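Peer 1: There's a structure below that I have some questions on.
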Amino acid sequence: MYKLLRSILFLFSPEWVHYSSMNLLKLACSIGFKRRFLKWCFSPPSSFPVTIFLGLNFKNPVGLGAGFDKNARYLRELECLGFGFVEIGTVTPLPQAGNEKPRLFRLPKDKALINRMGFNNEGVEVVTIRLKEWKEKKSNSKLIIGGNIGKNKVTPNEEAWKDYEICFKKLHPYVDYFVVNVSSPNTPGLRELQEKDALKKILTHLQEINKPLDQPKPILLKIAPDLTKEQIDDVIDLAIEIKLDGLVAANTTISREQLTTTKSKLEIIGAGGLSGLPLQKRSTEIVKYISERTNGQIPVIASGGIFTTNDAKEKLNAGASLVQVWTGFVYEGPAIVKRICKNL
Ligand SMILES: Cc1cc2nc3c(=O)[nH]c(=O)nc-3n(C[C@H](O)[C@H](O)[C@H](O)COP(=O)(O)O)c2cc1C
């Protein structure tokens, strides 16, 4: 059924389809009986709860990766589709338009996407107001919300720590955990912040603000799949040293290796982060490496190429505590969470 719908949706621009389908879902969810029907259709069996990160209870281990609901506009709808958690953002202090369109491309032959969105978002003020309203209205919701934070394009790297601080302080009362994003390939220079000293400055600063709070929130770091073994070792050492709560592995890759999509099509598409099936193996490798090197001491959220129950199992067996989908949602459709959870 979704395959047929997908072949129609794939005739239109990916970004237009993204917002149109989510807005249609929003409309459907605004009517009580339709919302209950959707929930009934898509809710997975509640047989796999996970408790992790300072006692956070995830009703299931399947979440939605950052960048799908950048502005926290669709939480009720995503909850209806059964997600155990949603990572909003990447949110920056000031609103940003992002890169010029088109900036999102499908690679159907590879079950992949390439994006160079460039942290388009409404800014932390607007997102905070929206999250506050959500918390007040849905105080009984079991949906865990992660806040993925970044820096504005115009902020120089030396001052990036200030942007992370602004987002952290604003969002703190309204999200359940944080993800520090220094691994997106679409903000010039951002990935240089994965270098040990730069990272240490940002993360230590956030920990210093977080720890004395009445309700400190788990802080995770999201890493790029293109890091070398030595760079991953540095990240792990730092994570242990400053008692980071977890890692998200991994963001999109700049690699274009082993794709079926033709070189000429890739050239027309141009720069951006590749996600989906081509990322699957590398992401599992990193999860496994982190888990083995730390004896499972650092919880990992796995992201990259998860489409099916087997893909999710592969990540969990590699040592992940939770998994996130993004490209899989586009290719598999709204029943993806239910399908993955059914056979876990
Ligand atoms: C269009 C698009 C936008 C994204 N935006 C963000 C973002 O703002 N912040 C972030 O940390 N990751 C972002 N990502 C990366 C995803 O969260 C995820 O880590 C990556 O796509 C790998 O998972 P997948 O193979 O399931 O798609 C984005 C991915 C896509 C496809």
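Residue numbering restarts at 1 in every chain; chains get A, B, ... in the order shown in the structure tokens, and ligands count up from 1 in that same order.
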If we count only C-alpha atoms, what is near stretch 25-33 of chain A at a cut-off of 12 Å, once residues fewer than 4 positions away on the same chain are taken out, given as a list in words?

Peer 2: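 Counting only C-alpha atoms, the residues come to Val17, His18, Tyr19, Ser20, Ser21, Phe37, Leu38, Lys39, Trp40, Arg73, Tyr74, Leu75, Arg76, Glu77, Leu78, Glu79, Cys80, Leu81 and Pro334 of chain A.
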
Peer 1: For A:Gly273, find every residue with an atom within 10 Å (counting only C-alpha atoms), except residues of its own chain fewer than 3 positions away, and show them as a list in words.

Peer 2: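 Once the adjacent positions are removed, what remains is Leu104, Leu113, Ile114, Asn115, Arg116, Met117, Ser184, Pro185, Asn186, Asn251, Thr252, Thr253, Ile254, Ser255, Arg256 and Gly270 of chain A.
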
Peer 1: Compute the set of protein, DNA and RNA residues whose minimum atom distance to ligand 1 is at most 7 Å, using only C-alpha atoms and all ligand atoms, and state it as a PyMOL selection string.

Peer 2: chain A and resi 65-68+70+89-90+104+113-115+117+119+148+181+184+222+250-252+275-277+279-280+303-306+324-328

Peer 1: Pick out each residue of stretch 206-324 of chain A that DSSP on the backbone tags as strand (DSSP E or B); I need them as a short mmCIF file (atom, residue, chain, number, x, y, z; two decimals) with all heavy atoms, in the first residue's frame.

Peer 2:
data_model
loop_
_atom_site.label_atom_id
_atom_site.label_comp_id
_atom_site.auth_asym_id
_atom_site.auth_seq_id
_atom_site.Cartn_x
_atom_site.Cartn_y
_atom_site.Cartn_z
N ILE A 219 23.36 14.71 28.58
CA ILE A 219 23.95 15.37 27.41
C ILE A 219 24.70 14.33 26.58
O ILE A 219 25.56 13.61 27.09
CB ILE A 219 24.94 16.49 27.83
CG1 ILE A 219 24.23 17.54 28.69
CG2 ILE A 219 25.55 17.16 26.60
CD1 ILE A 219 25.14 18.67 29.19
N LEU A 220 24.33 14.27 25.30
CA LEU A 220 24.97 13.32 24.37
C LEU A 220 25.68 14.11 23.27
O LEU A 220 25.37 15.28 23.04
CB LEU A 220 23.93 12.41 23.73
CG LEU A 220 23.29 11.32 24.59
CD1 LEU A 220 22.23 11.91 25.53
CD2 LEU A 220 22.64 10.26 23.73
N LEU A 221 26.58 13.44 22.59
CA LEU A 221 27.29 14.06 21.48
C LEU A 221 27.02 13.24 20.22
O LEU A 221 27.10 12.00 20.25
CB LEU A 221 28.79 14.06 21.79
CG LEU A 221 29.71 14.51 20.65
CD1 LEU A 221 29.59 16.02 20.45
CD2 LEU A 221 31.16 14.13 20.94
N LYS A 222 26.71 13.94 19.13
CA LYS A 222 26.47 13.22 17.86
C LYS A 222 27.70 13.33 16.98
O LYS A 222 28.21 14.43 16.74
CB LYS A 222 25.26 13.84 17.14
CG LYS A 222 24.86 13.06 15.89
CD LYS A 222 23.48 13.47 15.43
CE LYS A 222 23.02 12.71 14.22
NZ LYS A 222 21.68 13.08 13.79
N ILE A 223 28.19 12.19 16.52
CA ILE A 223 29.45 12.20 15.77
C ILE A 223 29.24 11.83 14.30
O ILE A 223 28.26 11.19 13.93
CB ILE A 223 30.50 11.24 16.41
CG1 ILE A 223 30.00 9.80 16.45
CG2 ILE A 223 30.86 11.71 17.81
CD1 ILE A 223 31.06 8.79 16.88
N GLY A 246 26.16 10.03 26.80
CA GLY A 246 26.02 9.09 25.69
C GLY A 246 26.49 9.68 24.38
O GLY A 246 26.86 10.85 24.30
N LEU A 247 26.47 8.84 23.35
CA LEU A 247 26.87 9.28 22.01
C LEU A 247 25.77 8.90 21.02
O LEU A 247 25.06 7.90 21.22
CB LEU A 247 28.18 8.59 21.60
CG LEU A 247 29.43 8.97 22.41
CD1 LEU A 247 30.57 8.01 22.09
CD2 LEU A 247 29.85 10.41 22.14
N VAL A 248 25.63 9.69 19.99
CA VAL A 248 24.74 9.33 18.88
C VAL A 248 25.62 9.03 17.68
O VAL A 248 26.41 9.88 17.24
CB VAL A 248 23.75 10.47 18.53
CG1 VAL A 248 22.80 10.02 17.42
CG2 VAL A 248 22.95 10.90 19.76
N ALA A 249 25.53 7.82 17.16
CA ALA A 249 26.40 7.41 16.04
C ALA A 249 25.50 6.82 14.95
O ALA A 249 24.91 5.79 15.15
CB ALA A 249 27.41 6.38 16.51
N THR A 253 27.04 11.10 6.03
CA THR A 253 28.44 11.01 5.59
C THR A 253 28.68 11.87 4.34
O THR A 253 27.76 12.07 3.53
CB THR A 253 28.83 9.54 5.29
OG1 THR A 253 30.15 9.52 4.75
CG2 THR A 253 27.90 8.87 4.29
N GLY A 273 25.13 15.74 2.86
CA GLY A 273 25.31 14.54 3.68
C GLY A 273 24.47 13.41 3.14
O GLY A 273 23.28 13.58 2.86
N LEU A 274 25.08 12.25 3.02
CA LEU A 274 24.40 11.05 2.51
C LEU A 274 23.87 10.24 3.69
O LEU A 274 24.59 10.02 4.67
CB LEU A 274 25.42 10.24 1.71
CG LEU A 274 25.00 8.86 1.18
CD1 LEU A 274 24.01 9.00 0.02
CD2 LEU A 274 26.23 8.07 0.73
N SER A 275 22.62 9.80 3.58
CA SER A 275 22.01 8.99 4.64
C SER A 275 21.33 7.78 4.04
O SER A 275 21.19 7.68 2.83
CB SER A 275 20.98 9.84 5.39
OG SER A 275 19.98 10.30 4.48
N GLY A 276 20.90 6.85 4.90
CA GLY A 276 20.17 5.68 4.43
C GLY A 276 21.06 4.45 4.32
O GLY A 276 22.08 4.33 5.00
N VAL A 300 24.81 4.29 23.66
CA VAL A 300 24.86 4.81 22.28
C VAL A 300 23.46 4.77 21.67
O VAL A 300 22.74 3.76 21.78
CB VAL A 300 25.81 3.97 21.40
CG1 VAL A 300 25.86 4.52 19.97
CG2 VAL A 300 27.21 3.92 21.99
N ILE A 301 23.08 5.87 21.03
CA ILE A 301 21.89 5.86 20.17
C ILE A 301 22.40 5.64 18.75
O ILE A 301 23.22 6.40 18.26
CB ILE A 301 21.11 7.19 20.24
CG1 ILE A 301 20.65 7.49 21.66
CG2 ILE A 301 19.91 7.14 19.29
CD1 ILE A 301 19.83 8.78 21.82
N ALA A 302 21.90 4.59 18.11
CA ALA A 302 22.36 4.27 16.75
C ALA A 302 21.50 4.97 15.72
O ALA A 302 20.26 4.96 15.80
CB ALA A 302 22.32 2.77 16.52
N SER A 303 22.17 5.57 14.75
CA SER A 303 21.47 6.25 13.65
C SER A 303 22.23 5.96 12.36
O SER A 303 23.45 6.12 12.31
CB SER A 303 21.46 7.76 13.95
OG SER A 303 21.19 8.50 12.79
N LEU A 322 19.40 2.42 21.98
CA LEU A 322 18.21 2.92 21.27
C LEU A 322 18.57 3.07 19.80
O LEU A 322 19.76 3.16 19.46
CB LEU A 322 17.81 4.30 21.81
CG LEU A 322 17.48 4.43 23.30
CD1 LEU A 322 17.52 5.90 23.73
CD2 LEU A 322 16.10 3.85 23.61
N VAL A 323 17.55 3.15 18.94
CA VAL A 323 17.83 3.39 17.51
C VAL A 323 16.97 4.56 17.02
O VAL A 323 15.92 4.86 17.60
CB VAL A 323 17.54 2.15 16.63
CG1 VAL A 323 18.42 0.98 17.02
CG2 VAL A 323 16.06 1.75 16.70
N GLN A 324 17.46 5.21 15.98
CA GLN A 324 16.69 6.29 15.35
C GLN A 324 16.54 6.01 13.86
O GLN A 324 17.47 5.52 13.23
CB GLN A 324 17.42 7.63 15.49
CG GLN A 324 17.44 8.17 16.90
CD GLN A 324 18.19 9.48 17.00
OE1 GLN A 324 19.14 9.71 16.25
NE2 GLN A 324 17.80 10.32 17.92
#
